[in-house]
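Containing compact mmCIF, C-alpha atoms: upload.txt.
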# COMPACT_ATOMS: atom_id res chain seq x y z
CA MET A 22 0.00 0.00 0.00
CA ALA A 23 1.36 3.45 -0.92
CA THR A 24 2.38 5.82 1.91
CA ARG A 25 -0.17 8.40 0.76
CA GLN A 26 -2.93 5.77 0.98
CA ILE A 27 -1.78 4.77 4.49
CA ILE A 28 -1.85 8.45 5.58
CA PHE A 29 -5.33 8.91 4.07
CA PHE A 30 -6.73 5.76 5.73
CA SER A 31 -5.10 6.66 9.08
CA LEU A 32 -6.58 10.16 8.99
CA THR A 33 -10.03 8.78 8.14
CA PHE A 34 -9.72 6.26 10.96
CA SER A 35 -8.64 8.91 13.52
CA ILE A 36 -11.39 11.40 12.59
CA SER A 37 -14.11 8.72 12.52
CA LEU A 38 -12.98 7.26 15.84
CA PHE A 39 -12.88 10.73 17.42
CA LEU A 40 -16.39 11.50 16.13
CA VAL A 41 -17.91 8.24 17.31
CA LEU A 42 -16.17 8.36 20.71
CA SER A 43 -17.25 11.96 21.31
CA MET A 44 -20.84 11.01 20.42
CA ILE A 45 -20.70 8.06 22.84
CA ILE A 46 -19.35 10.30 25.64
CA LYS A 47 -22.07 12.90 25.02
CA TYR A 48 -24.79 10.17 25.11
CA GLN A 49 -25.72 10.98 21.50
CA LEU A 50 -25.25 7.36 20.44
CA LYS A 51 -27.00 4.41 22.03
CA GLU A 52 -24.84 1.39 22.89
CA VAL A 53 -26.22 -0.75 20.02
CA TYR A 54 -25.40 1.86 17.37
CA ALA A 55 -22.07 2.69 19.01
CA VAL A 56 -21.05 -0.96 18.61
CA ILE A 57 -22.07 -0.94 14.94
CA TRP A 58 -20.05 2.19 14.18
CA LEU A 59 -17.03 1.03 16.18
CA LEU A 60 -17.09 -2.18 14.17
CA VAL A 61 -17.25 -0.22 10.91
CA ILE A 62 -14.34 2.02 12.00
CA SER A 63 -12.25 -0.93 13.19
CA LEU A 64 -12.32 -2.21 9.60
CA ILE A 65 -10.11 0.72 8.51
CA PRO A 66 -6.86 -0.40 10.28
CA CYS A 67 -7.64 -3.92 9.10
CA VAL A 68 -7.51 -2.58 5.54
CA ILE A 69 -4.09 -0.98 6.17
CA LEU A 70 -2.61 -3.99 7.95
CA ALA A 71 -4.03 -6.69 5.74
CA PHE A 72 -3.80 -4.99 2.35
CA PRO A 73 -1.95 -7.88 0.63
CA PHE A 74 -4.64 -10.23 1.93
CA ILE A 75 -7.38 -7.91 0.56
CA LYS A 76 -5.57 -7.93 -2.80
CA LYS A 77 -5.79 -11.70 -2.88
CA ILE A 78 -9.46 -11.76 -1.90
CA SER A 79 -10.38 -9.13 -4.49
CA ILE A 80 -8.74 -11.25 -7.21
CA LEU A 81 -10.65 -14.24 -5.87
CA PHE A 82 -13.91 -12.26 -6.41
CA GLY A 83 -12.80 -11.32 -9.93
CA ILE A 84 -12.18 -7.66 -9.00
CA TYR A 85 -8.63 -6.78 -10.01
CA SER A 86 -8.31 -3.45 -8.18
CA PRO A 87 -8.47 -3.90 -4.36
CA ILE A 88 -9.79 -0.33 -3.98
CA ASN A 89 -12.81 -1.24 -6.12
CA PHE A 90 -13.29 -4.29 -3.93
CA LEU A 91 -13.22 -2.07 -0.84
CA TYR A 92 -15.81 0.25 -2.43
CA PHE A 93 -17.99 -2.76 -3.12
CA ILE A 94 -17.68 -3.89 0.51
CA ALA A 95 -18.41 -0.33 1.74
CA ILE A 96 -21.53 0.03 -0.43
CA THR A 97 -22.78 -3.40 0.63
CA THR A 98 -22.22 -2.49 4.30
CA LEU A 99 -24.04 0.82 3.83
CA PHE A 100 -26.92 -1.01 2.15
CA GLY A 101 -27.11 -3.38 5.09
CA LEU A 102 -27.03 -0.51 7.56
CA SER A 103 -29.79 1.39 5.70
CA LEU A 104 -31.93 -1.73 5.70
CA HIS A 105 -31.32 -2.20 9.43
CA PHE A 106 -32.25 1.43 10.15
CA SER A 107 -35.33 1.20 7.90
CA ALA A 108 -36.49 -1.80 9.92
CA LEU A 109 -35.83 0.10 13.15
CA ASN A 110 -37.66 3.14 11.80
CA SER A 111 -40.67 0.99 10.86
CA GLY A 112 -40.75 -0.37 14.40
CA PHE A 113 -40.54 3.11 15.90
CA GLN A 114 -43.31 4.34 13.60
CA ARG A 115 -45.53 1.48 14.74
CA CYS A 116 -44.74 2.24 18.39
CA LEU A 117 -45.46 5.93 17.85
CA LYS A 118 -48.78 5.18 16.13
CA ASN A 119 -49.90 2.80 18.87
CA SER A 120 -48.84 5.25 21.60
CA ILE A 121 -50.67 8.19 20.00
CA GLN A 122 -53.79 6.05 19.60
CA LYS A 123 -53.57 4.87 23.21
CA ILE A 124 -53.10 8.45 24.46
CA ALA A 125 -56.16 9.62 22.49
CA ILE A 126 -58.34 6.84 23.94
CA LEU A 127 -57.02 7.33 27.49
CA GLU A 128 -57.54 11.12 27.29
CA GLU A 129 -61.17 10.50 26.38
CA GLU A 130 -61.54 8.09 29.30
CA ILE A 131 -59.98 10.64 31.70
CA ASP A 132 -62.43 13.26 30.41
CA CYS A 133 -65.29 10.84 30.99
CA LEU A 134 -64.10 10.04 34.55
CA ASN A 135 -63.62 13.76 35.33
CA ASN A 136 -67.20 14.43 34.25
CA LYS A 137 -68.42 11.59 36.49
CA ILE A 138 -66.41 12.92 39.47
CA THR A 139 -67.81 16.42 38.93
CA ALA A 140 -71.34 15.01 38.80
CA ILE A 141 -70.79 13.05 42.05
CA GLU A 142 -69.29 16.13 43.75
CA MET A 143 -72.25 18.25 42.69
CA LYS A 144 -74.64 15.61 43.96
CA SER A 145 -72.90 15.38 47.35
CA LEU A 146 -72.84 19.20 47.62
CA ASN A 147 -76.58 19.33 46.99
CA HIS A 148 -77.07 16.53 49.51
CA ASP A 149 -75.04 18.47 52.14
CA GLU A 150 -77.12 21.58 51.57
CA ASP A 151 -80.33 19.55 51.88
CA LEU A 152 -79.08 18.13 55.20
CA LYS A 153 -78.18 21.62 56.45
CA HIS A 154 -81.62 22.85 55.49
CA GLU A 155 -83.28 19.92 57.28
CA ASN A 156 -81.18 20.53 60.41
CA GLN A 157 -82.15 24.21 60.42
CA VAL A 158 -85.85 23.25 60.17
CA VAL A 159 -85.48 20.77 63.07
CA ILE A 160 -83.66 23.37 65.23
CA ARG A 161 -86.34 26.00 64.43
CA ASN A 162 -89.09 23.52 65.33
CA ILE A 163 -87.41 22.66 68.66
CA ALA A 164 -86.96 26.37 69.40
CA MET B 26 -84.89 5.50 2.41
CA LEU B 27 -84.28 4.95 6.10
CA ASN B 28 -83.94 1.29 6.97
CA ARG B 29 -85.30 0.79 10.45
CA ILE B 30 -82.78 -0.76 12.82
CA PRO B 31 -83.90 -2.03 16.24
CA TYR B 32 -82.68 -0.10 19.28
CA ASN B 33 -80.83 -3.11 20.72
CA ILE B 34 -78.72 -3.23 17.54
CA LEU B 35 -78.16 0.54 17.41
CA SER B 36 -76.98 0.54 21.01
CA ARG B 37 -74.27 -1.93 19.97
CA THR B 38 -73.29 0.10 16.88
CA ILE B 39 -70.80 2.90 16.62
CA VAL B 40 -70.12 5.33 13.78
CA VAL B 41 -66.43 6.15 13.32
CA ILE B 42 -65.77 9.52 11.65
CA PRO B 43 -62.16 10.47 10.95
CA ALA B 44 -61.89 14.25 10.64
CA LEU B 45 -59.17 16.67 9.60
CA ASN B 46 -60.13 20.35 9.65
CA GLU B 47 -63.83 19.56 9.13
CA GLY B 48 -65.26 22.02 11.66
CA ARG B 49 -67.76 23.27 9.08
CA ASN B 50 -69.34 19.86 8.41
CA VAL B 51 -68.73 17.57 11.36
CA GLY B 52 -71.30 19.17 13.70
CA ASN B 53 -74.23 18.71 11.33
CA ILE B 54 -73.22 15.14 10.53
CA VAL B 55 -72.95 14.13 14.21
CA LYS B 56 -76.23 15.84 15.14
CA GLY B 57 -77.95 14.25 12.12
CA ILE B 58 -76.77 10.75 13.02
CA LEU B 59 -77.69 11.07 16.71
CA HIS B 60 -81.10 12.50 15.81
CA THR B 61 -81.87 9.88 13.15
CA PHE B 62 -80.50 6.78 14.87
CA THR B 63 -81.39 6.95 18.57
CA GLY B 64 -79.01 4.95 20.73
CA ILE B 65 -76.14 4.76 18.25
CA GLY B 66 -72.62 5.71 19.35
CA VAL B 67 -70.64 8.29 17.41
CA VAL B 68 -66.89 8.71 17.73
CA VAL B 69 -65.07 11.46 15.85
CA VAL B 70 -61.33 10.98 15.52
CA ASP B 71 -59.71 14.38 15.19
CA ASP B 72 -56.55 13.76 13.17
CA GLY B 73 -54.59 16.81 14.36
CA SER B 74 -56.99 19.49 13.10
CA VAL B 75 -56.02 23.14 13.45
CA ASP B 76 -59.62 24.42 13.32
CA LYS B 77 -62.44 23.87 15.83
CA THR B 78 -63.24 20.29 14.75
CA TYR B 79 -62.66 18.91 18.27
CA GLU B 80 -64.85 21.46 20.05
CA ILE B 81 -67.66 21.36 17.47
CA ALA B 82 -67.78 17.55 17.41
CA LYS B 83 -67.84 17.43 21.22
CA GLN B 84 -70.59 20.06 21.47
CA SER B 85 -72.63 18.09 18.92
CA GLY B 86 -72.70 15.09 21.24
CA ALA B 87 -69.99 12.84 19.82
CA THR B 88 -67.20 11.14 21.70
CA VAL B 89 -64.05 12.77 20.39
CA LEU B 90 -60.62 11.17 20.26
CA SER B 91 -57.90 13.68 19.55
CA LEU B 92 -54.65 12.56 17.91
CA SER B 93 -51.79 14.82 18.97
CA ASP B 94 -50.46 15.03 15.41
CA ASN B 95 -51.70 14.46 11.88
CA MET B 96 -51.11 10.70 11.54
CA GLY B 97 -53.07 9.93 8.40
CA TYR B 98 -56.57 8.76 7.50
CA GLY B 99 -55.79 5.08 8.19
CA VAL B 100 -54.40 5.74 11.67
CA ALA B 101 -57.40 7.93 12.53
CA LEU B 102 -59.78 5.18 11.42
CA GLN B 103 -57.90 2.54 13.38
CA THR B 104 -58.03 4.70 16.52
CA GLY B 105 -61.82 4.70 16.18
CA TYR B 106 -61.79 0.91 15.67
CA LYS B 107 -59.66 0.43 18.79
CA TYR B 108 -62.09 2.57 20.78
CA ALA B 109 -65.04 0.57 19.37
CA TYR B 110 -63.33 -2.68 20.34
CA LYS B 111 -62.52 -1.43 23.84
CA LYS B 112 -66.11 -0.35 24.38
CA LYS B 113 -67.33 -3.74 23.08
CA TYR B 114 -69.37 -2.47 20.12
CA GLN B 115 -70.56 -5.25 17.80
CA TYR B 116 -71.10 -3.24 14.62
CA VAL B 117 -69.10 -0.40 13.16
CA VAL B 118 -70.01 2.11 10.47
CA GLN B 119 -67.36 4.40 9.05
CA LEU B 120 -68.03 7.54 7.09
CA ASP B 121 -66.13 10.66 6.11
CA ALA B 122 -66.55 13.99 7.87
CA ASP B 123 -66.71 16.10 4.71
CA GLY B 124 -70.44 15.56 4.24
CA GLN B 125 -70.13 13.61 1.00
CA HIS B 126 -71.58 10.44 2.50
CA ASN B 127 -75.27 10.23 3.30
CA TYR B 128 -75.63 9.27 6.95
CA GLN B 129 -79.24 8.30 6.21
CA ASP B 130 -77.76 5.26 4.42
CA ILE B 131 -76.37 3.84 7.68
CA GLY B 132 -79.45 1.62 8.03
CA LYS B 133 -79.08 0.40 4.46
CA LEU B 134 -75.47 -0.54 5.16
CA LEU B 135 -76.10 -2.13 8.55
CA ASN B 136 -78.97 -4.40 7.50
CA PRO B 137 -76.90 -6.93 5.48
CA VAL B 138 -74.30 -7.05 8.27
CA ILE B 139 -76.94 -7.68 10.95
CA ASN B 140 -78.60 -10.35 8.79
CA HIS B 141 -75.22 -12.10 8.29
CA GLU B 142 -75.34 -11.54 4.53
CA ALA B 143 -71.82 -10.10 4.62
CA ASP B 144 -69.05 -9.27 7.05
CA LEU B 145 -68.46 -5.90 5.41
CA VAL B 146 -70.82 -3.75 3.38
CA ILE B 147 -69.60 -0.96 1.10
CA GLY B 148 -71.76 2.03 0.18
CA SER B 149 -71.14 2.17 -3.57
CA ARG B 150 -71.53 5.48 -5.40
CA PHE B 151 -71.48 3.68 -8.78
CA MET B 152 -74.60 1.63 -8.03
CA ALA B 153 -76.80 4.51 -6.93
CA ASP B 154 -79.48 6.02 -9.18
CA GLY B 155 -79.73 9.78 -9.45
CA ASN B 156 -76.22 10.27 -8.15
CA ASN B 157 -75.06 13.85 -8.70
CA TYR B 158 -71.49 13.06 -7.71
CA GLN B 159 -69.06 14.18 -10.41
CA ILE B 160 -65.78 12.37 -10.76
CA SER B 161 -62.80 13.37 -12.88
CA PHE B 162 -61.58 11.15 -15.73
CA THR B 163 -58.23 10.43 -14.03
CA ARG B 164 -59.88 9.43 -10.74
CA LYS B 165 -62.37 7.22 -12.54
CA ALA B 166 -59.49 5.61 -14.47
CA GLY B 167 -57.64 5.03 -11.17
CA ILE B 168 -60.69 3.49 -9.50
CA ASN B 169 -61.27 1.24 -12.54
CA PHE B 170 -57.63 0.16 -12.45
CA PHE B 171 -57.91 -0.90 -8.79
CA ARG B 172 -61.30 -2.48 -9.42
CA ILE B 173 -59.70 -4.71 -12.07
CA LEU B 174 -56.71 -5.40 -9.81
CA VAL B 175 -58.98 -6.48 -6.94
CA PHE B 176 -60.93 -8.72 -9.35
CA LEU B 177 -57.74 -10.30 -10.75
CA LEU B 178 -56.32 -10.99 -7.30
CA THR B 179 -59.48 -12.15 -5.54
CA GLY B 180 -62.05 -12.99 -8.23
CA LYS B 181 -64.56 -10.65 -6.56
CA LYS B 182 -66.22 -7.83 -8.50
CA ILE B 183 -66.38 -4.68 -6.41
CA LYS B 184 -67.61 -1.55 -8.16
CA ASP B 185 -66.41 1.05 -5.66
CA VAL B 186 -63.11 -0.07 -4.18
CA THR B 187 -62.25 3.37 -2.79
CA SER B 188 -65.48 4.08 -0.91
CA GLY B 189 -65.00 5.28 2.66
CA LEU B 190 -68.62 4.49 3.55
CA GLN B 191 -68.61 1.04 5.11
CA ALA B 192 -70.31 -1.04 7.78
CA PHE B 193 -68.86 -4.19 9.27
CA ASN B 194 -69.21 -6.70 12.07
CA HIS B 195 -67.03 -7.60 15.05
CA ASN B 196 -64.94 -10.13 13.07
CA VAL B 197 -63.78 -7.47 10.64
CA LEU B 198 -63.27 -5.05 13.53
CA GLU B 199 -60.87 -7.54 15.16
CA ARG B 200 -58.99 -7.90 11.85
CA TYR B 201 -58.71 -4.12 11.50
CA LEU B 202 -56.92 -3.85 14.85
CA LEU B 203 -53.78 -5.51 13.51
CA ASP B 204 -50.75 -3.40 12.65
CA ASP B 205 -50.89 -4.14 8.91
CA LEU B 206 -53.67 -1.59 8.32
CA PRO B 207 -52.17 1.13 6.08
CA TYR B 208 -51.45 4.49 7.71
CA TYR B 209 -52.77 6.61 4.87
CA TYR B 210 -55.42 5.23 2.54
CA PRO B 211 -56.90 1.85 3.46
CA ASP B 212 -58.84 1.11 0.25
CA GLY B 213 -58.43 -1.68 -2.29
CA ASP B 214 -55.46 -3.18 -0.46
CA VAL B 215 -57.54 -3.76 2.67
CA LEU B 216 -60.40 -5.24 0.64
CA ILE B 217 -57.90 -7.72 -0.88
CA LEU B 218 -56.65 -8.54 2.62
CA LEU B 219 -60.20 -9.21 3.82
CA LEU B 220 -61.23 -11.25 0.78
CA LYS B 221 -58.05 -13.34 1.00
CA GLY B 222 -58.77 -13.82 4.71
CA GLY B 223 -62.19 -15.33 3.91
CA TYR B 224 -64.37 -12.37 4.88
CA SER B 225 -67.45 -11.69 2.75
CA ILE B 226 -68.03 -8.28 1.17
CA LYS B 227 -71.22 -6.85 -0.28
CA GLU B 228 -72.02 -3.55 -1.97
CA VAL B 229 -75.18 -1.52 -1.59
CA PRO B 230 -76.01 1.62 -3.59
CA SER B 231 -75.35 4.89 -1.80
CA ALA B 232 -75.56 8.32 -3.38
CA MET B 233 -72.61 10.55 -2.70
CA ASN B 234 -73.00 14.31 -2.39
CA ALA B 235 -70.76 16.71 -4.24
CA ASN B 236 -68.24 18.33 -1.91
CA SER B 237 -69.19 21.97 -1.43
CA GLU B 238 -65.55 22.96 -0.91
CA ASN B 239 -64.30 20.73 -3.77
CA LYS B 240 -61.94 19.19 -1.24
CA SER B 241 -60.64 15.66 -1.66
CA MET B 242 -58.01 13.46 -0.06
CA HIS B 243 -56.33 13.17 -3.46
CA ASN B 244 -56.41 16.67 -4.89
CA GLY B 245 -54.04 17.44 -7.75
CA ALA B 246 -52.21 15.21 -10.20
CA GLY B 247 -49.18 14.80 -7.91
CA GLN B 248 -51.29 13.44 -5.03
CA GLN B 249 -53.20 11.15 -7.38
CA VAL B 250 -49.96 9.70 -8.74
CA TYR B 251 -48.64 9.34 -5.17
CA TYR B 252 -51.87 7.56 -4.19
CA MET B 253 -51.60 5.19 -7.18
CA ILE B 254 -47.97 4.30 -6.41
CA THR B 255 -48.52 3.77 -2.65
CA MET B 256 -51.66 1.73 -3.30
CA ILE B 257 -49.97 -0.53 -5.88
CA LEU B 258 -47.02 -1.03 -3.52
CA SER B 259 -49.34 -1.71 -0.61
CA ILE B 260 -51.27 -4.31 -2.66
CA LEU B 261 -47.99 -5.94 -3.76
CA ILE B 262 -46.76 -6.10 -0.16
CA LYS B 263 -50.04 -7.57 1.07
CA VAL B 264 -50.14 -10.19 -1.70
CA THR B 265 -46.48 -11.10 -1.00
CA ARG B 266 -47.17 -11.42 2.75
CA GLU B 267 -50.23 -13.57 2.06
CA LEU B 268 -48.18 -15.79 -0.27
CA GLY B 269 -45.39 -16.03 2.30
CA ARG B 270 -47.88 -16.89 5.03
CA LYS B 271 -49.40 -19.68 2.89
CA LEU B 272 -45.97 -21.08 2.01
CA TRP B 273 -44.96 -20.94 5.67
CA GLN B 274 -48.11 -22.82 6.69
CA GLN B 275 -47.48 -25.42 3.96
CA ASP B 276 -43.92 -25.90 5.21
CA LYS B 277 -45.18 -26.40 8.75
What do you get writing this file as structure tokens?
Amino acid sequence: MATRQIIFFSLTFSISLFLVLSMIIKYQLKEVYAVIWLLVISLIPCVILAFPFIKKISILFGIYSPINFLYFIAITTLFGLSLHFSALNSGFQRCLKNSIQKIAILEEEIDCLNNKITAIEMKSLNHDEDLKHENQVVIRNIA
Amino acid sequence: MLNRIPYNILSRTIVVIPALNEGRNVGNIVKGILHTFTGIGVVVVDDGSVDKTYEIAKQSGATVLSLSDNMGYGVALQTGYKYAYKKKYQYVVQLDADGQHNYQDIGKLLNPVINHEADLVIGSRFMADGNNYQISFTRKAGINFFRILVFLLTGKKIKDVTSGLQAFNHNVLERYLLDDLPYYYPDGDVLILLLKGGYSIKEVPSAMNANSENKSMHNGAGQQVYYMITMILSILIKVTRELGRKLWQQDK
């Protein structure tokens, strides 16, 4: 591997690692995703260290330039990641829908219960006033 | 014509009305239904309206479920279904809040469901006599395309596959609670799902009124194309899932 390529890969590795680590420290990345991205980044030094091996594998796949082979691997990985995140997104959308529906139904039930409580309170207030009135009548009669 | 429905049936029936910014129409529809069909339940699902839909529907006597954000017609409908299921209603009628559907036809729709003639009854605007509902050429072409698609996939001839005026029983209600109900436009794709699942569907004529505000869920060519694409994809997905399910069962 040419020195310029090694410098380029090393720089990419350092910047990516710094970005991912800073996001982990700031709690911007959940553990699951942090693992995925750390795995992706750890592939970069593997490319530098095992370049002759990659050359051999790329020839085995019928791709004569190892860089093209790496691009192919990168695109395939990205495709896999997009698919994974699409599946996650679908799940979140379903959760969101169900939660919003549940909230709407529960809000209506709370409204209904509040109305019932108000009605009971009103009834007991009226009952108290009736009792007061009755007591006053009894006291007046005794007097 | 008002088909008389006994009170004991009406008390077990609920009308689900999804509404988005329909403050001008929803009040009259709710009052009309409650006045005409004594004992029936009415639930309006406010799909994130910015006008007074919630307040007007509530004042008119309906139960109102308010979605915190605009989630789509399908989600609004399903919220109503979930409420109906929770409150143990046996029959459900769904109609739109824009005033295009005739609520007087509720009896006509409910009768075949009550008499076990069908699990789901569609109010078809293409079977009604004296219908003053005007439809554009592109929309008619789209409806015909889906009508043919439904026929090819299920062998059942349904004239109005996009009608939002429907009545159905508890079995269909239970099926509608599953998460595979589309978020936006549950139309032909859901009918295919039901027919493939062994549910029976019947159509009855129902005149549709012209919309006074010329408002539709699929206004403009862009939205119509979007509707066509999403519906075709949805049908493809449902057919694939059904096929996969059958193969899976065969393997088992």
task = Considering only C-alpha atoms, extract the chain B residues located within 7 Å of chain A and return them as number ranges by chain.
result = B: 90-93, 104, 108
message = If I take CA of Ile168 in chain B and CA of Lys184 in chain B, how far is one from the other in Å, to one decimal?
response =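 Separation between CA of Ile168 in chain B and CA of Lys184 in chain B: 8.7 Å.
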message = I'd like the interatomic distance between CA of Tyr128 in chain B and CA of Gly99 in chain B, to a tenth of an Å.
response =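 Computing the Euclidean distance for CA of Tyr128 in chain B and CA of Gly99 in chain B yields 20.3 Å.
The space separating CA of Arg172 in chain B from CA of Asn194 in chain B comes to 23.3 Å.
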inquiry  = I need the residue nearest Val68 in chain B from this list: B:Pro31, B:Gly223, B:Gly180, B:Gly105. Use all atoms listed in the file for the distance.
reply    =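 Going through B:Pro31, B:Gly223, B:Gly180, B:Gly105 one by one, the smallest distance to Val68 in chain B is for B:Gly105.
Here the selection is built from all atoms listed in the file, and the residues within 10 Å of (-68.5, -4.2, 0.4) turn out to be Leu134, Ala143, Asp144, Leu145, Val146, Ile147, Gly148, Ser149, Lys182, Ile183, Lys184, Asp185, Val186, Ser188, Leu190, Gln191, Ala192, Phe193, Leu216, Ser225, Ile226, Lys227, Glu228 and Val229 of chain B.
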key: Long-range neighbours of Val41 in chain B as a PyMOL selection string, 12 Å cut-off, only C-alpha atoms, 6 positions minimum in chain   = chain B and resi 51+54-55+58+65-71+87-90+98-99+101-110+114+116-122+128+131+189-193+198
message = Report as a PyMOL selection string all protein, DNA and RNA residues lying within 12 Å of Ile94 in chain A, evaluated on all atoms listed in the file, omitting residues in the same chain fewer than 2 positions from it.
response = chain A and resi 61+64-65+68+75+78-79+82+84+87-92+96-101
key: Residue contacts of Gly222 in chain B (9 Å, only C-alpha atoms) excluding same-chain residues fewer than 4 positions away, as number ranges by chain   = B: 217-218, 267
ask   = Hey, what's within 9 Å of Ile34 in chain B if we count all atoms listed in the file and toss same-chain stuff fewer than 4 positions away? As a list in words, please?
value = Ile30, Thr38, Gly64, Ile65, Gln115, Tyr116 and Ile139 of chain B
